[in-house]
$ cat protein_8.cif   # mmCIF, C-alpha atoms and all ligand atoms
data_model
#
loop_
_atom_site.label_atom_id
_atom_site.label_comp_id
_atom_site.auth_asym_id
_atom_site.auth_seq_id
_atom_site.Cartn_x
_atom_site.Cartn_y
_atom_site.Cartn_z
CA MET A 101 277.11 -61.05 234.24
CA ALA A 102 278.50 -63.93 236.22
CA GLY A 103 276.15 -64.66 239.09
CA GLY A 104 276.28 -66.61 242.34
CA GLY A 105 279.23 -64.67 243.75
CA ALA A 106 281.64 -65.87 241.04
CA THR A 107 284.54 -63.52 240.38
CA ARG A 108 283.59 -61.05 237.71
CA ARG A 109 286.05 -60.46 234.93
CA ALA A 110 286.67 -57.21 233.09
CA LEU A 111 288.72 -56.57 229.96
CA VAL A 112 290.09 -53.02 229.83
CA THR A 113 291.66 -51.43 226.76
CA GLY A 114 293.80 -48.37 227.50
CA ILE A 115 294.92 -49.83 230.83
CA THR A 116 298.18 -47.83 230.76
CA GLY A 117 296.35 -44.51 230.42
CA GLN A 118 294.91 -42.13 232.98
CA ASP A 119 291.38 -43.58 232.93
CA GLY A 120 292.53 -47.18 232.66
CA SER A 121 294.47 -46.87 235.90
CA PHE A 122 291.58 -45.38 237.87
CA LEU A 123 289.17 -47.95 236.45
CA ALA A 124 291.51 -50.83 237.22
CA GLU A 125 291.80 -49.65 240.84
CA LEU A 126 288.02 -49.41 241.12
CA LEU A 127 287.46 -52.87 239.62
CA LEU A 128 290.14 -54.53 241.76
CA GLU A 129 288.61 -52.96 244.89
CA ARG A 130 285.31 -54.54 243.88
CA GLY A 131 286.90 -57.96 243.51
CA TYR A 132 287.07 -58.19 239.72
CA GLU A 133 289.68 -60.09 237.81
CA VAL A 134 291.12 -57.35 235.58
CA ILE A 135 292.57 -58.12 232.17
CA GLY A 136 294.45 -55.20 230.65
CA MET A 137 295.08 -54.97 226.94
CA VAL A 138 298.53 -53.63 226.05
CA ARG A 139 300.00 -52.96 222.64
CA GLY A 140 303.66 -53.44 223.53
CA PRO A 141 305.49 -56.32 225.22
CA ALA A 142 304.00 -57.12 228.65
CA ALA A 143 307.34 -56.39 230.31
CA GLU A 144 307.23 -52.74 229.20
CA PRO A 145 306.21 -50.15 231.81
CA LEU A 146 302.45 -50.02 232.35
CA GLY A 147 302.23 -46.25 232.47
CA SER A 148 299.69 -45.06 235.03
CA SER A 149 298.93 -48.68 236.03
CA GLU A 150 302.51 -49.76 236.75
CA HIS A 151 301.73 -49.88 240.49
CA LEU A 152 299.04 -52.50 239.75
CA ARG A 153 301.23 -54.77 237.65
CA GLY A 154 301.10 -57.88 239.85
CA ARG A 155 297.34 -57.67 240.14
CA LEU A 156 296.54 -57.48 236.43
CA ARG A 157 296.45 -60.09 233.71
CA LEU A 158 297.85 -58.64 230.48
CA VAL A 159 296.83 -59.56 226.94
CA PRO A 160 298.24 -58.17 223.69
CA GLY A 161 296.15 -55.95 221.43
CA ASP A 162 296.56 -53.00 219.10
CA LEU A 163 293.71 -50.74 218.04
CA LEU A 164 294.98 -50.85 214.47
CA ASP A 165 295.01 -54.67 214.35
CA PRO A 166 291.42 -56.02 214.29
CA ASP A 167 292.55 -59.63 214.68
CA SER A 168 294.35 -58.83 217.91
CA LEU A 169 291.20 -57.16 219.29
CA SER A 170 289.07 -60.12 218.32
CA ALA A 171 291.50 -62.54 219.96
CA ALA A 172 291.55 -60.46 223.15
CA VAL A 173 287.75 -60.47 223.38
CA ALA A 174 287.38 -64.17 222.54
CA GLY A 175 290.10 -65.17 224.96
CA ALA A 176 288.94 -63.03 227.87
CA GLN A 177 285.26 -64.07 227.91
CA ALA A 178 284.83 -61.05 230.15
CA ASP A 179 281.63 -60.03 231.89
CA GLU A 180 282.45 -56.41 231.16
CA LEU A 181 284.58 -54.76 228.48
CA TYR A 182 285.71 -51.16 228.90
CA HIS A 183 287.04 -49.71 225.67
CA LEU A 184 289.14 -46.75 226.82
CA ALA A 185 292.11 -46.91 224.47
CA ALA A 186 292.41 -44.18 221.87
CA PRO A 187 294.92 -41.73 220.46
CA SER A 188 293.50 -39.15 222.90
CA PHE A 189 295.54 -36.04 222.08
CA VAL A 190 293.18 -34.11 219.81
CA PRO A 191 295.73 -31.90 217.91
CA GLU A 192 297.53 -35.05 216.76
CA SER A 193 294.38 -36.11 214.89
CA TRP A 194 294.94 -33.34 212.33
CA ARG A 195 298.30 -34.89 211.50
CA ARG A 196 296.97 -38.41 211.14
CA PRO A 197 293.24 -38.34 210.33
CA ALA A 198 293.08 -41.78 208.71
CA ARG A 199 294.90 -43.43 211.58
CA THR A 200 292.70 -41.61 214.08
CA LEU A 201 289.54 -42.85 212.42
CA ALA A 202 290.84 -46.41 212.29
CA ALA A 203 292.10 -46.39 215.87
CA ILE A 204 288.90 -44.94 217.34
CA ALA A 205 285.97 -45.91 215.11
CA GLY A 206 287.54 -48.97 213.49
CA SER A 207 288.59 -50.45 216.83
CA THR A 208 285.12 -49.89 218.27
CA ALA A 209 283.55 -51.72 215.34
CA SER A 210 286.07 -54.56 215.68
CA LEU A 211 285.46 -54.96 219.39
CA LEU A 212 281.67 -54.91 219.05
CA GLU A 213 281.87 -57.42 216.21
CA ALA A 214 284.09 -59.66 218.32
CA VAL A 215 281.65 -59.48 221.22
CA ARG A 216 278.80 -60.41 218.91
CA GLU A 217 280.71 -63.34 217.41
CA HIS A 218 282.62 -64.71 220.38
CA SER A 219 281.35 -63.35 223.69
CA GLY A 220 277.69 -62.37 223.52
CA HIS A 221 277.30 -62.09 227.30
CA THR A 222 279.90 -59.28 227.57
CA ARG A 223 278.60 -55.84 228.51
CA VAL A 224 280.49 -53.08 226.72
CA PHE A 225 281.38 -49.52 227.70
CA VAL A 226 282.92 -47.33 225.00
CA ALA A 227 284.64 -44.06 225.91
CA GLY A 228 283.09 -41.37 223.75
CA SER A 229 283.79 -37.66 223.88
CA GLY A 230 281.86 -34.42 224.28
CA ALA A 231 284.10 -33.21 221.46
CA MET A 232 281.69 -34.95 219.07
CA PHE A 233 279.18 -32.14 219.61
CA GLY A 234 281.62 -29.57 218.16
CA ALA A 235 279.71 -26.52 216.97
CA ALA A 236 276.48 -27.87 218.45
CA PRO A 237 273.45 -25.57 218.46
CA GLU A 238 273.13 -25.60 222.27
CA SER A 239 275.10 -25.54 225.48
CA PRO A 240 275.02 -27.43 227.74
CA GLN A 241 274.75 -30.45 225.48
CA ARG A 242 272.42 -33.35 226.20
CA GLU A 243 272.44 -36.91 224.88
CA ASP A 244 270.16 -35.88 221.98
CA THR A 245 271.91 -32.63 221.02
CA PRO A 246 272.84 -32.65 217.28
CA CYS A 247 276.54 -33.16 216.62
CA ARG A 248 278.73 -31.00 214.42
CA PRO A 249 282.23 -32.37 214.99
CA GLU A 250 285.09 -30.07 214.03
CA THR A 251 288.18 -32.25 214.27
CA PRO A 252 289.11 -35.68 212.90
CA TYR A 253 289.23 -36.87 216.53
CA ALA A 254 285.67 -35.65 217.12
CA SER A 255 284.40 -37.25 213.89
CA ALA A 256 285.99 -40.54 214.88
CA LYS A 257 284.39 -40.37 218.34
CA LEU A 258 281.01 -39.60 216.77
CA ALA A 259 281.33 -42.59 214.44
CA ALA A 260 282.23 -44.85 217.39
CA HIS A 261 279.27 -43.48 219.36
CA GLN A 262 276.89 -44.17 216.48
CA LEU A 263 278.24 -47.70 215.98
CA VAL A 264 277.50 -48.46 219.63
CA GLY A 265 273.87 -47.38 219.18
CA GLN A 266 273.50 -49.23 215.88
CA LEU A 267 274.88 -52.57 217.07
CA ARG A 268 272.98 -52.29 220.34
CA ALA A 269 269.73 -51.94 218.37
CA ASN A 270 270.51 -54.36 215.56
CA ASP A 271 272.31 -57.13 217.42
CA ASP A 272 270.82 -56.71 220.87
CA LEU A 273 274.25 -56.11 222.41
CA PHE A 274 274.57 -54.61 225.88
CA ALA A 275 276.74 -51.75 224.65
CA CYS A 276 276.83 -48.19 225.97
CA SER A 277 278.63 -45.04 225.02
CA GLY A 278 279.83 -42.72 227.77
CA ILE A 279 280.03 -39.22 226.33
CA LEU A 280 282.95 -38.00 228.41
CA TYR A 281 283.76 -34.35 228.93
CA ASN A 282 287.24 -33.29 230.04
CA HIS A 283 288.52 -35.13 233.05
CA GLU A 284 291.82 -34.77 234.74
CA SER A 285 294.05 -35.98 237.52
CA GLU A 286 297.67 -36.04 238.58
CA ARG A 287 298.05 -38.86 236.04
CA ARG A 288 297.25 -36.64 233.06
CA PRO A 289 300.26 -36.15 230.75
CA GLU A 290 301.83 -32.69 230.59
CA SER A 291 300.85 -32.39 226.93
CA PHE A 292 297.40 -31.41 228.25
CA VAL A 293 297.00 -27.82 229.39
CA THR A 294 295.66 -28.61 232.88
CA ARG A 295 298.65 -30.66 233.88
CA LYS A 296 301.03 -28.24 232.18
CA VAL A 297 299.55 -25.52 234.39
CA THR A 298 299.62 -27.40 237.70
CA ARG A 299 303.15 -28.63 237.06
CA ALA A 300 304.35 -25.13 236.16
CA ALA A 301 302.65 -23.53 239.18
CA ALA A 302 304.32 -26.07 241.47
CA ALA A 303 307.73 -25.56 239.82
CA ILE A 304 307.42 -21.77 240.12
CA LYS A 305 306.41 -22.06 243.78
CA LEU A 306 309.52 -24.17 244.44
CA GLY A 307 311.74 -21.68 242.58
CA GLN A 308 312.50 -24.23 239.84
CA ALA A 309 310.88 -22.13 237.10
CA ASP A 310 309.88 -18.55 236.54
CA HIS A 311 307.06 -18.60 234.00
CA VAL A 312 304.91 -20.75 231.73
CA VAL A 313 303.83 -20.09 228.14
CA LEU A 314 300.19 -20.83 227.33
CA GLY A 315 297.71 -20.11 224.56
CA ASP A 316 293.93 -19.88 224.31
CA LEU A 317 293.01 -19.02 227.89
CA GLY A 318 289.46 -18.19 226.82
CA ALA A 319 288.30 -21.71 225.87
CA THR A 320 285.56 -23.05 228.12
CA ARG A 321 285.73 -26.62 229.35
CA ASP A 322 283.69 -28.81 231.66
CA TRP A 323 286.20 -30.48 233.97
CA SER A 324 285.73 -33.51 236.20
CA PHE A 325 287.99 -35.86 238.14
CA ALA A 326 288.97 -38.97 236.16
CA GLY A 327 288.18 -41.32 239.07
CA ASP A 328 284.62 -40.00 239.20
CA MET A 329 284.22 -40.60 235.47
CA MET A 330 285.30 -44.22 235.81
CA LEU A 331 282.81 -44.76 238.62
CA ALA A 332 280.09 -43.60 236.22
CA ALA A 333 281.41 -45.96 233.52
CA TRP A 334 281.14 -48.86 235.94
CA LEU A 335 277.64 -47.81 237.04
CA MET A 336 276.53 -47.75 233.39
CA LEU A 337 277.28 -51.45 233.04
CA GLN A 338 275.44 -52.36 236.26
CA ARG A 339 272.08 -51.14 234.96
CA ASP A 340 269.36 -53.39 233.53
CA GLU A 341 269.25 -51.34 230.35
CA ALA A 342 272.11 -50.33 228.07
CA GLU A 343 272.00 -46.59 227.43
CA ASP A 344 274.30 -43.73 226.49
CA TYR A 345 275.11 -41.07 229.06
CA ILE A 346 276.69 -37.64 229.11
CA LEU A 347 279.35 -37.74 231.82
CA ALA A 348 280.23 -34.21 232.83
CA SER A 349 280.11 -31.85 235.78
CA GLY A 350 277.57 -29.55 234.17
CA ALA A 351 279.70 -26.46 234.92
CA GLY A 352 281.88 -24.62 232.43
CA HIS A 353 285.13 -22.90 233.40
CA THR A 354 287.63 -21.12 231.20
CA VAL A 355 291.27 -22.16 231.02
CA ALA A 356 292.00 -18.73 232.57
CA GLU A 357 289.95 -19.70 235.65
CA PHE A 358 291.83 -22.97 235.94
CA VAL A 359 295.14 -21.11 235.75
CA GLU A 360 294.14 -18.47 238.31
CA ARG A 361 292.93 -21.09 240.80
CA ALA A 362 296.09 -23.19 240.46
CA PHE A 363 298.37 -20.21 241.09
CA ALA A 364 296.19 -18.66 243.80
CA TYR A 365 296.18 -21.98 245.70
CA LEU A 366 299.96 -21.58 246.01
CA GLY A 367 299.72 -17.91 246.94
CA LEU A 368 300.99 -16.81 243.51
CA ARG A 369 299.58 -14.28 241.05
CA ALA A 370 299.04 -15.92 237.67
CA GLU A 371 299.62 -12.65 235.80
CA ASP A 372 303.18 -12.50 237.15
CA HIS A 373 304.09 -15.88 235.67
CA VAL A 374 301.88 -16.70 232.67
CA ARG A 375 302.85 -15.59 229.17
CA VAL A 376 300.26 -15.94 226.46
CA GLU A 377 301.67 -16.76 223.05
CA ALA A 378 299.52 -15.91 220.06
CA GLY A 379 300.94 -18.80 218.04
CA LEU A 380 299.51 -21.29 220.53
CA ARG A 381 295.98 -19.89 220.24
CA ARG A 382 293.29 -22.01 218.63
CA ALA A 383 290.29 -20.76 216.66
CA PRO A 384 287.53 -19.60 219.02
CA GLU A 385 284.85 -22.20 219.70
CA PRO A 386 281.32 -21.09 218.91
CA THR A 387 279.66 -23.36 221.47
CA PRO A 388 280.98 -23.73 225.03
CA ARG A 389 281.71 -27.40 225.57
CA VAL A 390 279.64 -28.08 228.66
CA GLY A 391 277.61 -31.23 229.27
CA ASP A 392 274.28 -31.71 231.00
CA PRO A 393 274.72 -34.77 233.24
CA SER A 394 271.05 -34.95 234.34
CA ARG A 395 270.47 -38.44 232.95
CA ALA A 396 273.53 -39.84 234.73
CA ARG A 397 272.51 -38.15 237.98
CA ASP A 398 268.91 -39.40 237.77
CA ARG A 399 269.37 -42.92 236.49
CA LEU A 400 272.86 -43.88 237.70
CA LYS A 401 272.59 -41.84 240.92
CA TRP A 402 276.09 -40.70 239.99
CA ARG A 403 277.49 -38.08 242.32
CA PRO A 404 280.99 -36.76 241.56
CA THR A 405 283.18 -36.65 244.67
CA VAL A 406 285.75 -34.06 243.56
CA SER A 407 284.84 -30.43 242.74
CA PHE A 408 286.61 -28.21 240.19
CA GLU A 409 288.55 -26.50 243.00
CA GLN A 410 289.45 -29.80 244.71
CA LEU A 411 290.62 -31.24 241.41
CA ILE A 412 293.05 -28.38 240.87
CA GLU A 413 294.33 -28.59 244.45
CA ARG A 414 294.80 -32.35 244.14
CA MET A 415 296.83 -31.93 240.96
CA VAL A 416 298.94 -29.06 242.33
CA ASP A 417 299.64 -30.98 245.55
CA ALA A 418 300.73 -34.04 243.57
CA ASP A 419 303.04 -31.95 241.39
CA LEU A 420 304.56 -30.24 244.42
CA ARG A 421 305.24 -33.62 246.03
CA ALA A 422 306.72 -35.08 242.84
CA LEU A 423 309.00 -32.09 242.21
CA GLU A 424 310.18 -31.98 245.84
CA LEU A 425 310.93 -35.68 245.70
CA SER A 426 312.90 -35.45 242.47
CA SER A 427 314.94 -32.47 243.69
CA ALA A 428 315.68 -34.32 246.96
CA GLU A 429 316.94 -37.30 244.94
CA ARG A 430 319.26 -35.17 242.83
P1 LIG A 501 295.26 -41.61 227.78
O1 LIG A 501 295.87 -40.87 226.65
O2 LIG A 501 295.76 -41.39 229.15
O3 LIG A 501 295.33 -43.18 227.48
C1 LIG A 501 295.14 -43.66 226.18
C2 LIG A 501 295.32 -45.17 226.20
O4 LIG A 501 295.07 -45.66 224.87
C3 LIG A 501 296.72 -45.63 226.60
O5 LIG A 501 296.60 -46.77 227.42
C4 LIG A 501 297.34 -45.99 225.26
O6 LIG A 501 298.33 -47.00 225.35
C5 LIG A 501 296.13 -46.54 224.54
N1 LIG A 501 296.34 -46.59 223.09
C6 LIG A 501 296.55 -45.54 222.25
N2 LIG A 501 296.73 -46.00 221.00
C7 LIG A 501 296.65 -47.35 221.06
C8 LIG A 501 296.77 -48.39 220.10
N3 LIG A 501 297.00 -48.14 218.80
N4 LIG A 501 296.60 -49.67 220.51
C9 LIG A 501 296.35 -49.95 221.81
N5 LIG A 501 296.25 -49.01 222.77
C10 LIG A 501 296.40 -47.73 222.40
O7 LIG A 501 293.69 -41.29 227.69
P2 LIG A 501 292.62 -41.12 228.87
O8 LIG A 501 292.78 -42.22 229.84
O9 LIG A 501 292.65 -39.71 229.34
O10 LIG A 501 291.25 -41.28 228.06
C11 LIG A 501 290.55 -42.52 227.99
C12 LIG A 501 289.50 -42.45 226.92
O11 LIG A 501 288.59 -41.38 227.19
C13 LIG A 501 290.04 -42.18 225.52
O12 LIG A 501 289.25 -42.93 224.60
C14 LIG A 501 289.79 -40.70 225.31
O13 LIG A 501 289.66 -40.38 223.94
C15 LIG A 501 288.48 -40.53 226.06
N6 LIG A 501 288.24 -39.18 226.52
C16 LIG A 501 289.10 -38.61 227.43
C17 LIG A 501 288.87 -37.33 227.89
C18 LIG A 501 289.77 -36.72 228.94
O14 LIG A 501 289.55 -35.55 229.28
N7 LIG A 501 290.70 -37.45 229.52
C19 LIG A 501 287.73 -36.52 227.41
C20 LIG A 501 286.89 -37.22 226.48
C21 LIG A 501 287.14 -38.50 226.06
P3 LIG A 501 299.92 -46.69 225.32
O15 LIG A 501 300.31 -46.51 226.77
O16 LIG A 501 300.49 -47.92 224.71
O17 LIG A 501 300.12 -45.44 224.51
#
$ encode --input "protein_8.cif" --output "structure tokens" --more "lines below"
Ligand code: NDP
Amino acid sequence: MAGGGATRRALVTGITGQDGSFLAELLLERGYEVIGMVRGPAAEPLGSSEHLRGRLRLVPGDLLDPDSLSAAVAGAQADELYHLAAPSFVPESWRRPARTLAAIAGSTASLLEAVREHSGHTRVFVAGSGAMFGAAPESPQREDTPCRPETPYASAKLAAHQLVGQLRANDDLFACSGILYNHESERRPESFVTRKVTRAAAAIKLGQADHVVLGDLGATRDWSFAGDMMLAAWLMLQRDEAEDYILASGAGHTVAEFVERAFAYLGLRAEDHVRVEAGLRRAPEPTPRVGDPSRARDRLKWRPTVSFEQLIERMVDADLRALELSSAER
């Protein structure tokens, strides 16, 4: 890390995504120079980070183009690299398994290689996923729980996680894998069930919709607030030792609980407005996907600031505001 009060520099892949935007805000607040990697022309909208545009330096890079990743790392000479970019919508990974593997595991290998060759002082955080545990033999999962990934996305995340551990040991890199469980915010796209639910509840409350169609209300997830997750990512790179951490709340909730809370917060009864469609159901998961965040709590002193209930309320409030604003503009 740069010492003596010099401005620290961070390179962030996935800057346009949900996590990238929260991380960029956190880093800018702490005085970092933030370099965001983008795959399209710099003039294109920056997604969730558009409001930060003037405060970010942008560099080109595509997960599927190793040379572009290497150039980004070599050019940035960053103190910290946060590798957040990924095709993050799990169902899509069934459609494009080869591309998923290349974009997640291949990009991680390329970035670590580039750090080793061109920027050895850079500390690296890689966004892993609790999905890698799949049909694990235990719940909650810990850092050493055996992995049995069940989707191409999960296999790719496991491969990336293992590469981090291998190059850390073999090449003495300061590289860490954050094993992230579900995390949400008002910046989550509506393709994810949580945001679909909060958006629909708000629309129904405002009389703009009558019902929402969902599937698989029985799946258990461990939900956190995205901003809290990015604080943990930052804390991981401030330690003396590079280690992997489960980042999770430690509590499992079903999708049905999420739905009920979102509707109840608005004084609505979920059963009056939610239709469950069999075709949208997924195969039941044998192991509840819940993480044990003890290591992060003990060693990082990480304390999430937003509870499950507060997260839902925050998302519903944001959707209400956004829908009211857009109907006022019409
Ligand atoms: P988002 O989907 O919001 O953001 C994904 C980012 O990756 C976007 O900036 C996107 O850029 C970028 N990206 C995708 N493909 C490419 C590519 N080929 N080249 C360059 N950039 C690309 O994800 P989140 O912020 O929610 O997640 C961040 C990380 O955390 C991901 O690695 C995800 O897998 C992981 N994770 C997330 C969880 C969650 O619950 N949110 C749970 C577990 C893990 P563009 O705007 O150009 O599409």
$ residues_around --input "protein_8.cif" --residues "range 177-193 of chain A" --least-positions-apart "3" --cutoff "6 Å" --atoms "all atoms listed in the file" --output "list in words"
Met101, Arg109, Ala110, Leu111, Val112, Thr113, Gly114, Ala174, Arg196, Pro197, Thr200, Ile204, Ser219, Thr222, Arg223, Val224, Phe225, Val226, Ala227, Pro252 and Tyr253 of chain A
$ write_last_selection --input "protein_8.cif" --atoms "C-alpha atoms" --output "PDB file, in the coordinates of the input"
ATOM      1  CA  MET A 101     277.110 -61.050 234.240  1.00  0.00           C
ATOM      2  CA  ARG A 109     286.050 -60.460 234.930  1.00  0.00           C
ATOM      3  CA  ALA A 110     286.670 -57.210 233.090  1.00  0.00           C
ATOM      4  CA  LEU A 111     288.720 -56.570 229.960  1.00  0.00           C
ATOM      5  CA  VAL A 112     290.090 -53.020 229.830  1.00  0.00           C
ATOM      6  CA  THR A 113     291.660 -51.430 226.760  1.00  0.00           C
ATOM      7  CA  GLY A 114     293.800 -48.370 227.500  1.00  0.00           C
ATOM      8  CA  ALA A 174     287.380 -64.170 222.540  1.00  0.00           C
ATOM      9  CA  ARG A 196     296.970 -38.410 211.140  1.00  0.00           C
ATOM     10  CA  PRO A 197     293.240 -38.340 210.330  1.00  0.00           C
ATOM     11  CA  THR A 200     292.700 -41.610 214.080  1.00  0.00           C
ATOM     12  CA  ILE A 204     288.900 -44.940 217.340  1.00  0.00           C
ATOM     13  CA  SER A 219     281.350 -63.350 223.690  1.00  0.00           C
ATOM     14  CA  THR A 222     279.900 -59.280 227.570  1.00  0.00           C
ATOM     15  CA  ARG A 223     278.600 -55.840 228.510  1.00  0.00           C
ATOM     16  CA  VAL A 224     280.490 -53.080 226.720  1.00  0.00           C
ATOM     17  CA  PHE A 225     281.380 -49.520 227.700  1.00  0.00           C
ATOM     18  CA  VAL A 226     282.920 -47.330 225.000  1.00  0.00           C
ATOM     19  CA  ALA A 227     284.640 -44.060 225.910  1.00  0.00           C
ATOM     20  CA  PRO A 252     289.110 -35.680 212.900  1.00  0.00           C
ATOM     21  CA  TYR A 253     289.230 -36.870 216.530  1.00  0.00           C
TER      22      TYR A 253
END
$ closest_residue --input "protein_8.cif" --among "A:Ser170, A:Thr354, A:Ser121, A:Thr116" --to "Leu146 in chain A" --atoms "all atoms listed in the file"
A:Thr116
$ residues_around --input "protein_8.cif" --residues "Arg361 in chain A" --least-positions-apart "6" --cutoff "10 Å" --atoms "only C-alpha atoms" --output "PyMOL selection string"
chain A and resi 298+355+367-370+408-409+412-413
$ residues_around --input "protein_8.cif" --residues "Arg216 in chain A" --least-positions-apart "4" --cutoff "12 Å" --atoms "only C-alpha atoms" --output "compact mmCIF listing (two decimals) with C-alpha atoms, in the coordinates of the input"
# COMPACT_ATOMS: atom_id res chain seq x y z
CA SER A 170 289.07 -60.12 218.32
CA VAL A 173 287.75 -60.47 223.38
CA ALA A 174 287.38 -64.17 222.54
CA GLN A 177 285.26 -64.07 227.91
CA ALA A 209 283.55 -51.72 215.34
CA SER A 210 286.07 -54.56 215.68
CA LEU A 211 285.46 -54.96 219.39
CA LEU A 212 281.67 -54.91 219.05
CA GLY A 220 277.69 -62.37 223.52
CA HIS A 221 277.30 -62.09 227.30
CA THR A 222 279.90 -59.28 227.57
CA ARG A 223 278.60 -55.84 228.51
CA VAL A 224 280.49 -53.08 226.72
CA LEU A 267 274.88 -52.57 217.07
CA ARG A 268 272.98 -52.29 220.34
CA ASN A 270 270.51 -54.36 215.56
CA ASP A 271 272.31 -57.13 217.42
CA ASP A 272 270.82 -56.71 220.87
CA LEU A 273 274.25 -56.11 222.41
CA PHE A 274 274.57 -54.61 225.88
CA ALA A 275 276.74 -51.75 224.65
$ atom_distance --input "protein_8.cif" --atom1 "CA of Ala303 in chain A" --atom2 "CA of Glu284 in chain A"
19.1 Å
$ axis_aligned_box --input "protein_8.cif" --around "range 244-258 of chain A" --padding-each-side "8 Å" --output "lines of an AutoDock Vina configuration file"
center_x = 279.7
center_y = -35.3
center_z = 217.4
size_x = 35.1
size_y = 26.5
size_z = 25.1
$ residues_around --input "protein_8.cif" --residues "Arg389 in chain A" --least-positions-apart "5" --cutoff "7 Å" --atoms "only C-alpha atoms" --output "PyMOL selection string"
chain A and resi 239+320-322
$ closest_residue --input "protein_8.cif" --among "A:Met330, A:Ala259, A:Thr405, A:Arg421" --to "Leu123 in chain A" --atoms "all atoms listed in the file"
A:Met330
$ closest_residue --input "protein_8.cif" --among "A:Gly315, A:Ile115, A:Ser255, A:Arg399" --to "His151 in chain A" --atoms "all atoms listed in the file"
A:Ile115
$ closest_residue --input "protein_8.cif" --among "A:Gly154, A:Pro404, A:Gly278, A:Gly131" --to "ligand LIG 501 (chain A)" --atoms "only C-alpha atoms and all ligand atoms"
A:Gly278
$ atom_distance --input "protein_8.cif" --atom1 "CA of Ala205 in chain A" --atom2 "CA of Val159 in chain A"
21.1 Å
$ atom_distance --input "protein_8.cif" --atom1 "atom N2 of ligand LIG 501 (chain A)" --atom2 "CA of Leu163 in chain A"
6.4 Å
$ closest_residue --input "protein_8.cif" --among "A:Gln410, A:Ser324, A:Thr107, A:Ser427" --to "ligand LIG 501 (chain A)" --atoms "all atoms listed in the file"
A:Ser324
$ residues_near_point --input "protein_8.cif" --point "(297.7, -54.6, 233.0)" --cutoff "6 Å" --atoms "only C-alpha atoms" --output "mmCIF file with C-alpha atoms, in the frame of the given file"
data_model
loop_
_atom_site.group_PDB
_atom_site.id
_atom_site.type_symbol
_atom_site.label_atom_id
_atom_site.label_comp_id
_atom_site.auth_asym_id
_atom_site.auth_seq_id
_atom_site.Cartn_x
_atom_site.Cartn_y
_atom_site.Cartn_z
ATOM 1 C CA ILE A 115 294.920 -49.830 230.830
ATOM 2 C CA GLY A 136 294.450 -55.200 230.650
ATOM 3 C CA ARG A 153 301.230 -54.770 237.650
ATOM 4 C CA LEU A 156 296.540 -57.480 236.430
ATOM 5 C CA ARG A 157 296.450 -60.090 233.710
ATOM 6 C CA LEU A 158 297.850 -58.640 230.480
#
$ closest_residue --input "protein_8.cif" --among "A:Glu385, A:Pro289, A:Leu335, A:Trp194" --to "Arg248 in chain A" --atoms "only C-alpha atoms"
A:Glu385
$ decode --input "protein_8.cif" --residues "range 208-219 of chain A" --atoms "N, CA and C atoms" --output "PDB file, in the first residue's frame"
ATOM      1  N   THR A 208     -10.342 -14.028 -13.726  1.00  0.00           N
ATOM      2  CA  THR A 208      -9.637 -14.000 -12.436  1.00  0.00           C
ATOM      3  C   THR A 208      -8.188 -14.431 -12.634  1.00  0.00           C
ATOM      4  N   ALA A 209      -7.996 -15.497 -13.423  1.00  0.00           N
ATOM      5  CA  ALA A 209      -6.631 -15.942 -13.703  1.00  0.00           C
ATOM      6  C   ALA A 209      -5.844 -14.849 -14.421  1.00  0.00           C
ATOM      7  N   SER A 210      -6.480 -14.199 -15.387  1.00  0.00           N
ATOM      8  CA  SER A 210      -5.780 -13.143 -16.150  1.00  0.00           C
ATOM      9  C   SER A 210      -5.382 -11.979 -15.249  1.00  0.00           C
ATOM     10  N   LEU A 211      -6.295 -11.587 -14.371  1.00  0.00           N
ATOM     11  CA  LEU A 211      -5.993 -10.451 -13.501  1.00  0.00           C
ATOM     12  C   LEU A 211      -4.877 -10.799 -12.512  1.00  0.00           C
ATOM     13  N   LEU A 212      -4.931 -12.000 -11.944  1.00  0.00           N
ATOM     14  CA  LEU A 212      -3.893 -12.392 -10.980  1.00  0.00           C
ATOM     15  C   LEU A 212      -2.534 -12.492 -11.674  1.00  0.00           C
ATOM     16  N   GLU A 213      -2.561 -13.036 -12.895  1.00  0.00           N
ATOM     17  CA  GLU A 213      -1.322 -13.136 -13.667  1.00  0.00           C
ATOM     18  C   GLU A 213      -0.765 -11.736 -13.939  1.00  0.00           C
ATOM     19  N   ALA A 214      -1.650 -10.831 -14.300  1.00  0.00           N
ATOM     20  CA  ALA A 214      -1.205  -9.461 -14.604  1.00  0.00           C
ATOM     21  C   ALA A 214      -0.639  -8.793 -13.357  1.00  0.00           C
ATOM     22  N   VAL A 215      -1.241  -9.038 -12.216  1.00  0.00           N
ATOM     23  CA  VAL A 215      -0.700  -8.463 -10.971  1.00  0.00           C
ATOM     24  C   VAL A 215       0.694  -9.033 -10.732  1.00  0.00           C
ATOM     25  N   ARG A 216       0.822 -10.326 -10.882  1.00  0.00           N
ATOM     26  CA  ARG A 216       2.133 -10.959 -10.657  1.00  0.00           C
ATOM     27  C   ARG A 216       3.189 -10.390 -11.604  1.00  0.00           C
ATOM     28  N   GLU A 217       2.821 -10.186 -12.869  1.00  0.00           N
ATOM     29  CA  GLU A 217       3.814  -9.746 -13.860  1.00  0.00           C
ATOM     30  C   GLU A 217       4.088  -8.249 -13.811  1.00  0.00           C
ATOM     31  N   HIS A 218       3.045  -7.459 -13.533  1.00  0.00           N
ATOM     32  CA  HIS A 218       3.191  -6.016 -13.765  1.00  0.00           C
ATOM     33  C   HIS A 218       2.956  -5.125 -12.544  1.00  0.00           C
ATOM     34  N   SER A 219       2.433  -5.696 -11.454  1.00  0.00           N
ATOM     35  CA  SER A 219       2.012  -4.802 -10.371  1.00  0.00           C
ATOM     36  C   SER A 219       1.984  -5.567  -9.039  1.00  0.00           C
TER      37      SER A 219
END
